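Asker: This is the content of work_6.csv (CSV, C-alpha atoms):
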```csv
chain,number,residue,atom,x,y,z
J,202,MET,CA,-1.7,90.1,-65.4
J,203,PRO,CA,-3.9,87.3,-64.0
J,204,ALA,CA,-7.3,86.9,-65.6
J,205,ILE,CA,-8.9,87.0,-62.1
J,206,LYS,CA,-7.3,89.6,-59.8
J,207,LYS,CA,-9.7,88.9,-56.9
J,208,PRO,CA,-10.3,85.2,-56.5
J,209,SER,CA,-12.7,86.0,-53.6
J,210,GLU,CA,-15.2,87.3,-56.2
J,211,HIS,CA,-15.6,83.7,-57.6
J,212,PHE,CA,-14.6,81.3,-54.8
J,213,ASP,CA,-14.5,81.8,-51.0
J,214,VAL,CA,-14.7,80.0,-47.7
J,215,LEU,CA,-17.0,80.9,-44.8
J,216,THR,CA,-16.7,79.8,-41.2
J,217,TRP,CA,-19.3,80.3,-38.5
J,218,THR,CA,-20.3,79.1,-35.0
J,219,GLY,CA,-23.8,77.8,-34.4
J,220,THR,CA,-26.2,79.8,-32.4
J,221,GLY,CA,-29.0,77.3,-31.9
J,222,GLY,CA,-32.4,78.8,-31.2
J,223,GLY,CA,-35.8,77.4,-31.7
J,224,SER,CA,-37.2,75.0,-34.3
J,225,GLY,CA,-37.8,76.7,-37.6
J,226,ALA,CA,-35.6,79.8,-36.6
J,227,THR,CA,-33.6,81.2,-39.5
J,228,ARG,CA,-30.1,82.6,-39.7
J,229,SER,CA,-28.2,84.3,-42.5
J,230,ILE,CA,-24.5,83.5,-43.1
J,231,THR,CA,-22.9,86.4,-45.0
J,232,GLY,CA,-19.5,87.7,-46.0
J,233,LEU,CA,-19.2,86.6,-49.7
J,234,ASN,CA,-18.4,89.0,-52.5
J,235,PHE,CA,-20.8,87.1,-54.8
J,236,GLN,CA,-24.0,85.1,-54.8
J,237,PRO,CA,-23.0,81.5,-54.6
J,238,ASP,CA,-24.3,78.8,-57.0
J,239,PHE,CA,-22.6,75.9,-55.4
J,240,ILE,CA,-22.3,75.5,-51.6
J,241,TRP,CA,-20.4,72.6,-50.0
J,242,GLU,CA,-20.7,72.7,-46.2
J,243,LYS,CA,-19.4,70.6,-43.3
J,244,ALA,CA,-19.8,70.6,-39.6
J,245,ARG,CA,-16.4,70.9,-38.1
J,246,SER,CA,-17.0,69.9,-34.5
J,247,SER,CA,-19.4,67.0,-35.1
J,248,GLY,CA,-19.9,64.0,-37.4
J,249,SER,CA,-22.7,65.4,-39.5
J,250,GLY,CA,-22.4,64.5,-43.2
J,251,HIS,CA,-21.2,66.9,-45.9
J,252,GLN,CA,-24.0,69.0,-47.3
J,253,LEU,CA,-23.8,69.9,-51.1
J,254,LEU,CA,-26.4,72.2,-52.7
J,255,ASP,CA,-26.6,74.3,-55.8
J,256,SER,CA,-28.8,76.9,-57.4
J,257,VAL,CA,-29.7,74.7,-60.4
J,258,ARG,CA,-31.3,71.9,-58.4
J,259,GLY,CA,-32.5,74.4,-55.8
J,260,VAL,CA,-32.2,74.5,-52.0
J,261,GLY,CA,-34.5,73.5,-49.1
J,262,GLN,CA,-35.4,70.2,-47.5
J,263,ASN,CA,-34.6,67.1,-49.5
J,264,LYS,CA,-32.3,68.9,-51.9
J,265,VAL,CA,-29.0,68.1,-50.1
J,266,LEU,CA,-26.5,65.6,-51.5
J,267,ALA,CA,-23.7,64.3,-49.4
J,268,SER,CA,-20.2,63.7,-50.7
J,269,ASN,CA,-19.7,60.9,-48.1
J,270,SER,CA,-22.8,59.1,-49.3
J,271,SER,CA,-24.2,57.6,-52.5
J,272,GLY,CA,-27.7,58.5,-51.3
J,273,ASP,CA,-30.1,60.3,-53.6
J,274,GLU,CA,-31.6,63.7,-52.9
J,275,PRO,CA,-34.5,62.6,-50.7
J,276,GLU,CA,-32.4,60.0,-48.9
J,277,ALA,CA,-29.2,61.8,-48.1
J,278,PRO,CA,-27.8,60.6,-44.7
J,279,ASN,CA,-29.1,63.4,-42.5
J,280,THR,CA,-32.8,64.2,-42.2
J,281,GLU,CA,-33.0,67.9,-42.9
J,282,SER,CA,-36.4,68.3,-41.1
J,283,LEU,CA,-34.6,67.2,-37.9
J,284,TYR,CA,-31.2,68.7,-38.2
J,285,GLY,CA,-31.7,71.9,-40.3
J,286,TRP,CA,-31.2,72.8,-43.9
J,287,LEU,CA,-30.1,75.6,-46.3
J,288,SER,CA,-33.3,77.4,-47.2
J,289,ALA,CA,-32.2,80.3,-49.4
J,290,ILE,CA,-29.2,81.6,-51.4
J,291,ASN,CA,-28.6,85.3,-51.0
J,292,SER,CA,-26.5,88.0,-52.7
J,293,ASP,CA,-23.6,87.6,-50.2
J,294,GLY,CA,-24.3,84.2,-48.6
J,295,PHE,CA,-27.2,82.0,-47.6
J,296,THR,CA,-29.9,81.4,-45.1
J,297,LEU,CA,-30.2,78.5,-42.7
J,298,THR,CA,-33.4,77.1,-41.1
J,299,ASN,CA,-33.3,75.1,-37.9
J,300,GLY,CA,-34.9,71.7,-37.9
J,301,THR,CA,-37.0,70.2,-35.1
J,302,SER,CA,-34.1,68.5,-33.2
J,303,THR,CA,-30.5,69.6,-32.5
J,304,PHE,CA,-29.7,71.6,-35.7
J,305,ASP,CA,-26.5,69.6,-36.1
J,306,ASN,CA,-26.2,70.1,-39.9
J,307,TRP,CA,-25.8,73.9,-39.9
J,308,ASN,CA,-26.5,75.7,-36.6
J,309,LYS,CA,-26.1,73.7,-33.4
J,310,SER,CA,-25.3,76.0,-30.5
J,311,ALA,CA,-21.5,76.4,-30.1
J,312,ASP,CA,-20.6,74.0,-32.9
J,313,THR,CA,-18.4,75.2,-35.7
J,314,TYR,CA,-19.0,75.0,-39.4
J,315,VAL,CA,-17.3,75.7,-42.8
J,316,GLY,CA,-18.8,76.4,-46.2
J,317,TRP,CA,-16.8,76.3,-49.5
J,318,THR,CA,-18.6,78.3,-52.1
J,319,TRP,CA,-18.3,78.8,-55.9
J,320,LYS,CA,-19.9,81.4,-58.2
J,321,GLY,CA,-21.6,80.0,-61.3
J,322,GLY,CA,-23.8,82.0,-63.7
J,323,GLY,CA,-26.9,82.5,-61.7
J,324,ALA,CA,-30.2,81.1,-63.1
J,325,ALA,CA,-29.6,78.1,-65.3
J,326,VAL,CA,-30.1,78.3,-69.1
J,327,ALA,CA,-30.8,75.6,-71.7
J,328,ASN,CA,-27.7,74.2,-73.4
J,329,THR,CA,-27.9,72.2,-76.6
J,330,ALA,CA,-24.2,71.8,-77.4
J,331,GLY,CA,-24.3,68.1,-76.5
J,332,SER,CA,-26.4,65.2,-77.8
J,333,ILE,CA,-28.1,65.4,-74.4
J,334,ALA,CA,-29.8,68.7,-73.6
J,335,SER,CA,-28.6,70.2,-70.3
J,336,GLN,CA,-29.4,73.1,-67.9
J,337,VAL,CA,-26.3,75.0,-67.1
J,338,SER,CA,-25.3,77.8,-64.7
J,339,ALA,CA,-21.8,78.7,-66.0
J,340,ASN,CA,-19.1,81.2,-65.0
J,341,PRO,CA,-16.6,81.0,-67.9
J,342,THR,CA,-14.4,83.7,-66.3
J,343,ALA,CA,-13.7,81.4,-63.4
J,344,GLY,CA,-14.0,78.1,-65.2
J,345,PHE,CA,-16.9,76.7,-63.2
J,346,SER,CA,-20.4,75.4,-64.1
J,347,VAL,CA,-23.3,73.5,-62.5
J,348,VAL,CA,-24.9,71.2,-65.1
J,349,THR,CA,-28.1,69.0,-64.8
J,350,TYR,CA,-29.1,66.5,-67.5
J,351,THR,CA,-31.2,63.3,-68.0
J,352,GLY,CA,-29.4,60.2,-68.9
J,353,THR,CA,-30.0,58.2,-72.1
J,354,GLY,CA,-28.1,55.0,-71.3
J,355,ALA,CA,-26.0,55.2,-74.5
J,356,ASN,CA,-22.9,57.1,-75.6
J,357,ALA,CA,-23.6,60.8,-75.5
J,358,THR,CA,-22.2,64.3,-74.9
J,359,VAL,CA,-23.4,67.0,-72.4
J,360,GLY,CA,-22.9,70.7,-72.8
J,361,HIS,CA,-21.1,72.4,-69.9
J,362,GLY,CA,-21.1,76.1,-71.0
J,363,LEU,CA,-17.5,77.0,-70.1
J,364,GLY,CA,-15.9,77.7,-73.5
J,365,VAL,CA,-12.8,75.9,-72.3
J,366,ALA,CA,-12.3,72.2,-71.5
J,367,PRO,CA,-12.9,71.2,-67.9
J,368,GLU,CA,-10.3,69.1,-66.2
J,369,PHE,CA,-12.2,68.0,-63.1
J,370,ILE,CA,-15.9,66.9,-63.2
J,371,ILE,CA,-17.9,65.4,-60.4
J,372,VAL,CA,-21.1,63.6,-61.5
J,373,LYS,CA,-23.9,62.3,-59.3
J,374,GLU,CA,-27.2,60.7,-60.2
J,375,ARG,CA,-29.8,62.6,-58.1
J,376,THR,CA,-32.7,60.2,-58.3
J,377,ALA,CA,-31.0,56.9,-57.3
J,378,ASP,CA,-28.6,55.6,-54.7
J,379,ARG,CA,-25.6,55.9,-56.9
J,380,SER,CA,-21.9,56.8,-56.4
J,381,TRP,CA,-20.2,60.1,-57.1
J,382,ASN,CA,-18.1,59.5,-60.3
J,383,VAL,CA,-15.1,61.8,-60.7
J,384,TYR,CA,-13.4,62.6,-64.0
J,385,ALA,CA,-9.9,64.0,-63.7
J,386,LYS,CA,-8.0,64.8,-66.9
J,387,ALA,CA,-4.8,63.8,-65.1
J,388,LEU,CA,-6.1,60.2,-64.8
J,389,GLY,CA,-7.0,59.8,-68.5
J,390,THR,CA,-10.3,59.0,-70.3
J,391,THR,CA,-10.8,55.5,-69.0
J,392,LYS,CA,-10.2,56.1,-65.3
J,393,PHE,CA,-12.5,57.4,-62.6
J,394,PHE,CA,-12.7,57.4,-58.8
J,395,LEU,CA,-15.7,57.4,-56.5
J,396,LEU,CA,-15.8,60.4,-54.2
J,397,GLU,CA,-17.6,58.8,-51.3
J,398,GLN,CA,-15.3,55.8,-51.2
J,399,THR,CA,-11.6,55.2,-50.5
J,400,THR,CA,-10.9,52.7,-53.3
J,401,GLU,CA,-8.2,53.4,-55.9
J,402,ALA,CA,-9.0,54.8,-59.3
J,403,GLN,CA,-10.8,52.3,-61.4
J,404,THR,CA,-10.8,51.6,-65.2
J,405,ASP,CA,-14.0,51.7,-67.2
J,406,SER,CA,-14.2,53.0,-70.7
J,407,THR,CA,-18.0,53.4,-70.4
J,408,LYS,CA,-17.8,56.2,-67.8
J,409,TRP,CA,-16.5,58.9,-70.1
J,410,ASN,CA,-16.7,57.1,-73.4
J,411,SER,CA,-12.9,57.1,-73.5
J,412,THR,CA,-13.1,60.8,-74.5
J,413,ASP,CA,-11.7,63.9,-72.9
J,414,ALA,CA,-14.0,66.8,-72.3
J,415,ASN,CA,-13.6,69.6,-74.8
J,416,THR,CA,-14.4,73.3,-75.0
J,417,SER,CA,-18.2,72.7,-75.3
J,418,VAL,CA,-19.1,69.2,-74.0
J,419,PHE,CA,-18.0,66.4,-71.8
J,420,SER,CA,-18.7,62.8,-72.8
J,421,VAL,CA,-20.5,60.0,-71.0
J,422,GLY,CA,-20.8,56.4,-72.1
J,423,SER,CA,-23.4,53.7,-71.1
J,424,ALA,CA,-22.3,53.4,-67.4
J,425,VAL,CA,-25.2,53.9,-65.0
J,426,GLY,CA,-23.0,56.1,-62.8
J,427,THR,CA,-22.8,58.8,-65.4
J,428,ASN,CA,-25.6,58.1,-67.9
J,429,ASN,CA,-28.3,55.8,-66.4
J,430,SER,CA,-31.3,55.8,-68.7
J,431,THR,CA,-33.9,58.4,-67.6
J,432,GLY,CA,-31.8,59.2,-64.5
J,433,SER,CA,-31.5,62.8,-63.3
J,434,PHE,CA,-27.9,63.9,-63.0
J,435,VAL,CA,-25.9,66.9,-61.6
J,436,ALA,CA,-22.4,67.6,-62.7
J,437,TYR,CA,-19.9,70.1,-61.2
J,438,CYS,CA,-17.4,71.1,-63.8
J,439,TRP,CA,-14.1,73.0,-63.4
J,440,ALA,CA,-11.6,74.2,-65.9
J,441,PRO,CA,-8.1,75.6,-65.1
J,442,ILE,CA,-7.7,79.4,-65.0
J,443,ALA,CA,-4.2,80.7,-64.7
J,444,GLY,CA,-3.6,82.3,-61.4
J,445,TYR,CA,-6.9,81.1,-60.0
J,446,SER,CA,-7.4,77.4,-60.3
J,447,ALA,CA,-5.3,74.3,-61.1
J,448,PHE,CA,-5.9,70.6,-61.5
J,449,GLY,CA,-3.2,68.0,-61.8
J,450,SER,CA,-1.2,65.2,-60.1
J,451,TYR,CA,2.0,64.6,-58.2
J,452,LYS,CA,4.1,61.6,-57.1
J,453,GLY,CA,4.8,61.0,-53.4
J,454,ASN,CA,8.3,60.5,-52.1
J,455,GLY,CA,7.7,58.9,-48.7
J,456,SER,CA,9.9,61.4,-46.9
J,457,THR,CA,10.2,61.0,-43.2
J,458,THR,CA,11.9,64.3,-42.7
J,459,ASN,CA,9.1,66.7,-43.6
J,460,ASP,CA,10.4,67.0,-47.1
J,461,GLY,CA,7.5,65.8,-49.3
J,462,PRO,CA,6.9,67.0,-52.9
J,463,PHE,CA,6.3,70.6,-53.8
J,464,VAL,CA,3.3,71.2,-56.1
J,465,TYR,CA,3.5,74.4,-58.2
J,466,LEU,CA,0.2,76.1,-58.7
J,467,GLY,CA,1.1,79.6,-59.8
J,468,PHE,CA,-0.9,81.1,-56.9
J,469,ARG,CA,-1.4,80.9,-53.1
J,470,PRO,CA,-4.2,78.4,-52.6
J,471,LYS,CA,-7.3,79.1,-50.6
J,472,PHE,CA,-8.6,75.5,-50.9
J,473,ILE,CA,-7.1,72.2,-51.9
J,474,LEU,CA,-8.7,68.8,-52.3
J,475,GLY,CA,-6.3,65.9,-52.9
J,476,ARG,CA,-6.6,62.1,-53.3
J,477,ARG,CA,-4.4,59.1,-53.8
J,478,THR,CA,-5.5,57.2,-57.0
J,479,ASP,CA,-3.1,54.2,-57.4
J,480,SER,CA,-4.2,52.7,-54.0
J,481,THR,CA,-6.6,53.2,-51.1
J,482,GLY,CA,-6.9,56.9,-50.1
J,483,GLY,CA,-9.4,59.3,-48.7
J,484,SER,CA,-10.1,62.7,-50.4
J,485,TRP,CA,-8.5,65.3,-48.0
J,486,MET,CA,-9.5,68.9,-47.9
J,487,PHE,CA,-7.5,71.9,-46.7
J,488,ASP,CA,-8.3,75.6,-46.7
J,489,THR,CA,-6.7,78.8,-45.3
J,490,SER,CA,-9.8,79.9,-43.4
J,491,ARG,CA,-9.3,77.1,-40.9
J,492,ASN,CA,-5.5,76.8,-41.4
J,493,THR,CA,-4.4,80.4,-40.9
J,494,SER,CA,-0.7,79.6,-40.6
J,495,ASN,CA,1.8,76.8,-41.5
J,496,LEU,CA,1.8,73.9,-40.9
J,497,ALA,CA,-1.7,73.4,-42.3
J,498,ASP,CA,-2.7,70.3,-40.4
J,499,ASP,CA,-6.5,70.7,-40.0
J,500,TYR,CA,-8.5,68.9,-42.7
J,501,PHE,CA,-11.6,66.9,-43.6
J,502,TYR,CA,-12.1,63.8,-45.7
J,503,ALA,CA,-14.7,64.4,-48.4
J,504,ASN,CA,-15.7,60.7,-48.2
J,505,SER,CA,-16.3,60.7,-44.4
J,506,PRO,CA,-18.9,62.3,-42.1
J,507,ASP,CA,-16.2,62.7,-39.4
J,508,GLY,CA,-15.6,66.1,-38.0
J,509,GLU,CA,-12.5,68.1,-38.6
J,510,PHE,CA,-9.1,66.4,-38.0
J,511,THR,CA,-6.8,68.8,-36.2
J,512,ASN,CA,-3.1,69.0,-35.5
J,513,ILE,CA,-2.4,65.8,-37.4
J,514,THR,CA,1.4,65.0,-37.7
J,515,THR,CA,1.0,62.4,-40.4
J,516,LEU,CA,-1.0,64.3,-43.0
J,517,ASN,CA,-0.2,68.0,-43.4
J,518,ILE,CA,1.1,70.6,-45.8
J,519,ASP,CA,2.6,74.0,-46.1
J,520,ILE,CA,0.5,76.5,-48.1
J,521,LEU,CA,2.9,78.7,-50.0
J,522,SER,CA,2.7,81.8,-52.3
J,523,ASN,CA,2.9,79.7,-55.4
J,524,GLY,CA,1.6,76.3,-54.4
J,525,PHE,CA,1.8,73.8,-51.6
J,526,LYS,CA,4.5,71.6,-50.0
J,527,VAL,CA,3.7,68.2,-48.5
J,528,ARG,CA,5.2,67.8,-45.1
J,529,SER,CA,3.7,65.0,-42.9
J,530,GLY,CA,6.4,64.4,-40.3
J,531,THR,CA,8.4,61.3,-39.6
J,532,SER,CA,5.5,58.9,-40.5
J,533,PRO,CA,3.8,60.2,-43.6
J,534,SER,CA,0.2,59.0,-44.3
J,535,ALA,CA,-0.1,56.9,-47.5
J,536,TYR,CA,-3.1,59.1,-48.2
J,537,ILE,CA,-0.8,62.0,-49.0
J,538,ASN,CA,2.8,60.9,-49.5
J,539,ALA,CA,3.5,57.3,-50.0
J,540,SER,CA,6.8,56.6,-51.9
J,541,GLY,CA,5.8,56.4,-55.6
J,542,GLY,CA,2.2,57.0,-54.8
J,543,THR,CA,0.1,58.9,-57.4
J,544,TYR,CA,-2.1,61.7,-56.3
J,545,ILE,CA,-4.5,64.1,-58.0
J,546,TYR,CA,-5.5,67.5,-56.7
J,547,MET,CA,-7.8,70.5,-57.4
J,548,ALA,CA,-6.9,73.9,-56.0
J,549,PHE,CA,-8.4,77.4,-55.9
J,550,ALA,CA,-6.6,80.7,-55.2
J,551,GLU,CA,-6.5,83.0,-52.3
J,552,SER,CA,-4.2,85.3,-54.2
J,553,PRO,CA,-2.4,85.1,-57.6
J,554,PHE,CA,1.4,84.5,-57.2
J,555,LYS,CA,2.1,88.1,-58.4
J,556,PHE,CA,0.2,89.5,-55.5
J,557,SER,CA,0.9,86.8,-52.9
J,558,ASN,CA,2.7,87.4,-49.6
J,559,ALA,CA,4.5,84.8,-47.5
J,560,ARG,CA,2.4,83.2,-44.7
```
Take the structure from the file and write it as structure tokens.
Answerer:
Amino acid sequence: MPAIKKPSEHFDVLTWTGTGGGSGATRSITGLNFQPDFIWEKARSSGSGHQLLDSVRGVGQNKVLASNSSGDEPEAPNTESLYGWLSAINSDGFTLTNGTSTFDNWNKSADTYVGWTWKGGGAAVANTAGSIASQVSANPTAGFSVVTYTGTGANATVGHGLGVAPEFIIVKERTADRSWNVYAKALGTTKFFLLEQTTEAQTDSTKWNSTDANTSVFSVGSAVGTNNSTGSFVAYCWAPIAGYSAFGSYKGNGSTTNDGPFVYLGFRPKFILGRRTDSTGGSWMFDTSRNTSNLADDYFYANSPDGEFTNITTLNIDILSNGFKVRSGTSPSAYINASGGTYIYMAFAESPFKFSNAR
């Protein structure tokens, strides 16, 4: 029996169409079976930047971070006062507030939007498991936590509150123009990649102090991207939960006959983020709320403000009851299926394999 029978109680995807309205007008987006602690939103039909907010840092104007930008909280690429912002987190969704201009970020009339949402542990609590004290909103059942901490500039550990070792961690300094540093267990302890860039995974032993995360802490070295002295950081931490979430890697085969690699997850995925790590590659994002049947060929790049890419023949997948299958037509994109290319992924379930139906 899977540990999580209803993944939608811990992770889900919302889609909506903007209604516009006047400056300062509010609108509630509902439909979740939980109160979200991490919200990652993107305009589908326009080039507005990604919008990342969480309950630990708080919401409102000047709290957004953008996965496609290294900007700090007050200087993220879109001006919230003009284009709208997320003003409250609710028991089953969130509230939007229109800005003074065209509301592009969240609620422009007739524009479409998507929000990927995760349940943490509600209000943050102090965590002293690491050598750096942290504030943590943790959901150990679903292997997810939001962590904030202040950097020391020297080798240290940070408590994550999960009770199991996270295998995917995204770290961002909030108070400086600094890149998003990503730890993936599949890459090893001296590798990292930058979420807002397309460069290949890089080697730097000072990012994670050459140490894998364990059941209570993750490690940071002296690198400014993960432990800048006196810098304020946020980290999003995920651990694998059988039947609910998976993190790993696959090798591309370069197939030109729609026969790319199959990636076994043990569940039908609701959301997948993948990335090439041995060469240039954007971080592509699929979900079944937008791709309601196979082929799944509508996606975003986490590193780009571009709107949704649709009906793409060179970068697509089938979403299956127990994983996903790379397709990508007669000319596969190197971003998803170059021959011998190395790719990492993170995935979250729509339904455990035992209860999955074919699409």
Asker: Residues within 9 Å of region 501-518 of chain J, please, as a PDB file with C-alpha atoms, in the frame of the given file. Count all atoms listed in the file; anything in the same chain fewer than 3 positions from it doesn't count.
Answerer:
```
ATOM      1  CA  LYS J 243     -19.400  70.600 -43.300  1.00  0.00           C
ATOM      2  CA  ALA J 244     -19.800  70.600 -39.600  1.00  0.00           C
ATOM      3  CA  ARG J 245     -16.400  70.900 -38.100  1.00  0.00           C
ATOM      4  CA  SER J 246     -17.000  69.900 -34.500  1.00  0.00           C
ATOM      5  CA  SER J 247     -19.400  67.000 -35.100  1.00  0.00           C
ATOM      6  CA  GLY J 248     -19.900  64.000 -37.400  1.00  0.00           C
ATOM      7  CA  SER J 249     -22.700  65.400 -39.500  1.00  0.00           C
ATOM      8  CA  GLY J 250     -22.400  64.500 -43.200  1.00  0.00           C
ATOM      9  CA  HIS J 251     -21.200  66.900 -45.900  1.00  0.00           C
ATOM     10  CA  ALA J 267     -23.700  64.300 -49.400  1.00  0.00           C
ATOM     11  CA  SER J 268     -20.200  63.700 -50.700  1.00  0.00           C
ATOM     12  CA  ASN J 269     -19.700  60.900 -48.100  1.00  0.00           C
ATOM     13  CA  SER J 270     -22.800  59.100 -49.300  1.00  0.00           C
ATOM     14  CA  LEU J 395     -15.700  57.400 -56.500  1.00  0.00           C
ATOM     15  CA  LEU J 396     -15.800  60.400 -54.200  1.00  0.00           C
ATOM     16  CA  GLU J 397     -17.600  58.800 -51.300  1.00  0.00           C
ATOM     17  CA  GLN J 398     -15.300  55.800 -51.200  1.00  0.00           C
ATOM     18  CA  THR J 399     -11.600  55.200 -50.500  1.00  0.00           C
ATOM     19  CA  GLY J 461       7.500  65.800 -49.300  1.00  0.00           C
ATOM     20  CA  LEU J 474      -8.700  68.800 -52.300  1.00  0.00           C
ATOM     21  CA  GLY J 483      -9.400  59.300 -48.700  1.00  0.00           C
ATOM     22  CA  SER J 484     -10.100  62.700 -50.400  1.00  0.00           C
ATOM     23  CA  TRP J 485      -8.500  65.300 -48.000  1.00  0.00           C
ATOM     24  CA  MET J 486      -9.500  68.900 -47.900  1.00  0.00           C
ATOM     25  CA  PHE J 487      -7.500  71.900 -46.700  1.00  0.00           C
ATOM     26  CA  ASN J 495       1.800  76.800 -41.500  1.00  0.00           C
ATOM     27  CA  LEU J 496       1.800  73.900 -40.900  1.00  0.00           C
ATOM     28  CA  ALA J 497      -1.700  73.400 -42.300  1.00  0.00           C
ATOM     29  CA  ASP J 498      -2.700  70.300 -40.400  1.00  0.00           C
ATOM     30  CA  PHE J 525       1.800  73.800 -51.600  1.00  0.00           C
ATOM     31  CA  LYS J 526       4.500  71.600 -50.000  1.00  0.00           C
ATOM     32  CA  VAL J 527       3.700  68.200 -48.500  1.00  0.00           C
ATOM     33  CA  ARG J 528       5.200  67.800 -45.100  1.00  0.00           C
ATOM     34  CA  SER J 529       3.700  65.000 -42.900  1.00  0.00           C
ATOM     35  CA  GLY J 530       6.400  64.400 -40.300  1.00  0.00           C
ATOM     36  CA  THR J 531       8.400  61.300 -39.600  1.00  0.00           C
ATOM     37  CA  SER J 532       5.500  58.900 -40.500  1.00  0.00           C
ATOM     38  CA  PRO J 533       3.800  60.200 -43.600  1.00  0.00           C
ATOM     39  CA  SER J 534       0.200  59.000 -44.300  1.00  0.00           C
ATOM     40  CA  ALA J 535      -0.100  56.900 -47.500  1.00  0.00           C
ATOM     41  CA  TYR J 536      -3.100  59.100 -48.200  1.00  0.00           C
ATOM     42  CA  ILE J 537      -0.800  62.000 -49.000  1.00  0.00           C
ATOM     43  CA  ASN J 538       2.800  60.900 -49.500  1.00  0.00           C
TER      44      ASN J 538
END
```
Asker: What gap, in Å, lies between CA of Gly219 (chain J) and CA of Trp286 (chain J)?
Answerer: 13.0 Å
Asker: Please identify all polymer residues within 9 Å of region 426-441 of chain J, counting all atoms listed in the file, omitting same-chain residues fewer than 5 positions from it, and present them as a VMD selection string.
Answerer: chain J and resid 239 257 to 258 341 343 to 357 361 363 365 to 377 379 to 382 407 to 409 421 446 to 448
Asker: May I ask for the distance between CA of Gly482 (chain J) and CA of Ala424 (chain J), given in Å to one decimal place?
Answerer: 23.4 Å
Asker: Report the distance between CA of Asn234 (chain J) and CA of Gln252 (chain J) in Å, rounded to one decimal place.
Answerer: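 Interatomic distance, CA of Asn234 (chain J) to CA of Gln252 (chain J): 21.4 Å.
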Asker: List as a list in words: which residues have an atom within 9 Å of (-28.3, 72.2, -33.7), counting only C-alpha atoms?
Answerer: Gly219, Thr220, Gly221, Gly222, Tyr284, Gly285, Asn299, Gly300, Ser302, Thr303, Phe304, Asp305, Asn306, Trp307, Asn308, Lys309, Ser310, Ala311 and Asp312 of chain J
Asker: Using all atoms listed in the file, which of J:Gly444, J:Lys392, J:Asn492, J:Thr329 sits nearest Val418 (chain J)?
Answerer: J:Thr329
Asker: Go through J:Val425, J:Ile205, J:Val214, J:Ala387 one by one, measure the shortest atom-to-atom distance of each to Thr543 (chain J) using all atoms listed in the file, and give the residue with the smallest value.
Answerer: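 Checking each candidate against Thr543 (chain J), we get J:Ala387 as the closest.
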Asker: Would you pick out the contacts of Val260 (chain J) at 8 Å or less, using only C-alpha atoms, so that residues sharing its chain but fewer than 5 positions from it are not included, and give the list as a PyMOL selection string?
Answerer: chain J and resi 254-255+265+287-290
Asker: The selected residues should be written to file as a short mmCIF file (atom, residue, chain, number, x, y, z; two decimals), keeping the file's coordinate frame (atoms: C-alpha atoms).
Answerer:
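Listed below is the output, result-v3.cif:
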```cif
data_model
loop_
_atom_site.label_atom_id
_atom_site.label_comp_id
_atom_site.auth_asym_id
_atom_site.auth_seq_id
_atom_site.Cartn_x
_atom_site.Cartn_y
_atom_site.Cartn_z
CA LEU J 254 -26.40 72.20 -52.70
CA ASP J 255 -26.60 74.30 -55.80
CA VAL J 265 -29.00 68.10 -50.10
CA LEU J 287 -30.10 75.60 -46.30
CA SER J 288 -33.30 77.40 -47.20
CA ALA J 289 -32.20 80.30 -49.40
CA ILE J 290 -29.20 81.60 -51.40
#
```
Asker: I want to know what sits within 9 Å of Thr358 (chain J), based on only C-alpha atoms, with residues of the same chain fewer than 5 positions away left out; could you give that as a list in words?
Answerer: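 Answer for this query is Ala330, Gly331, Ser332, Ile333, Ala334, Ala414, Val418, Phe419, Ser420, Val421 and Gly422 of chain J.
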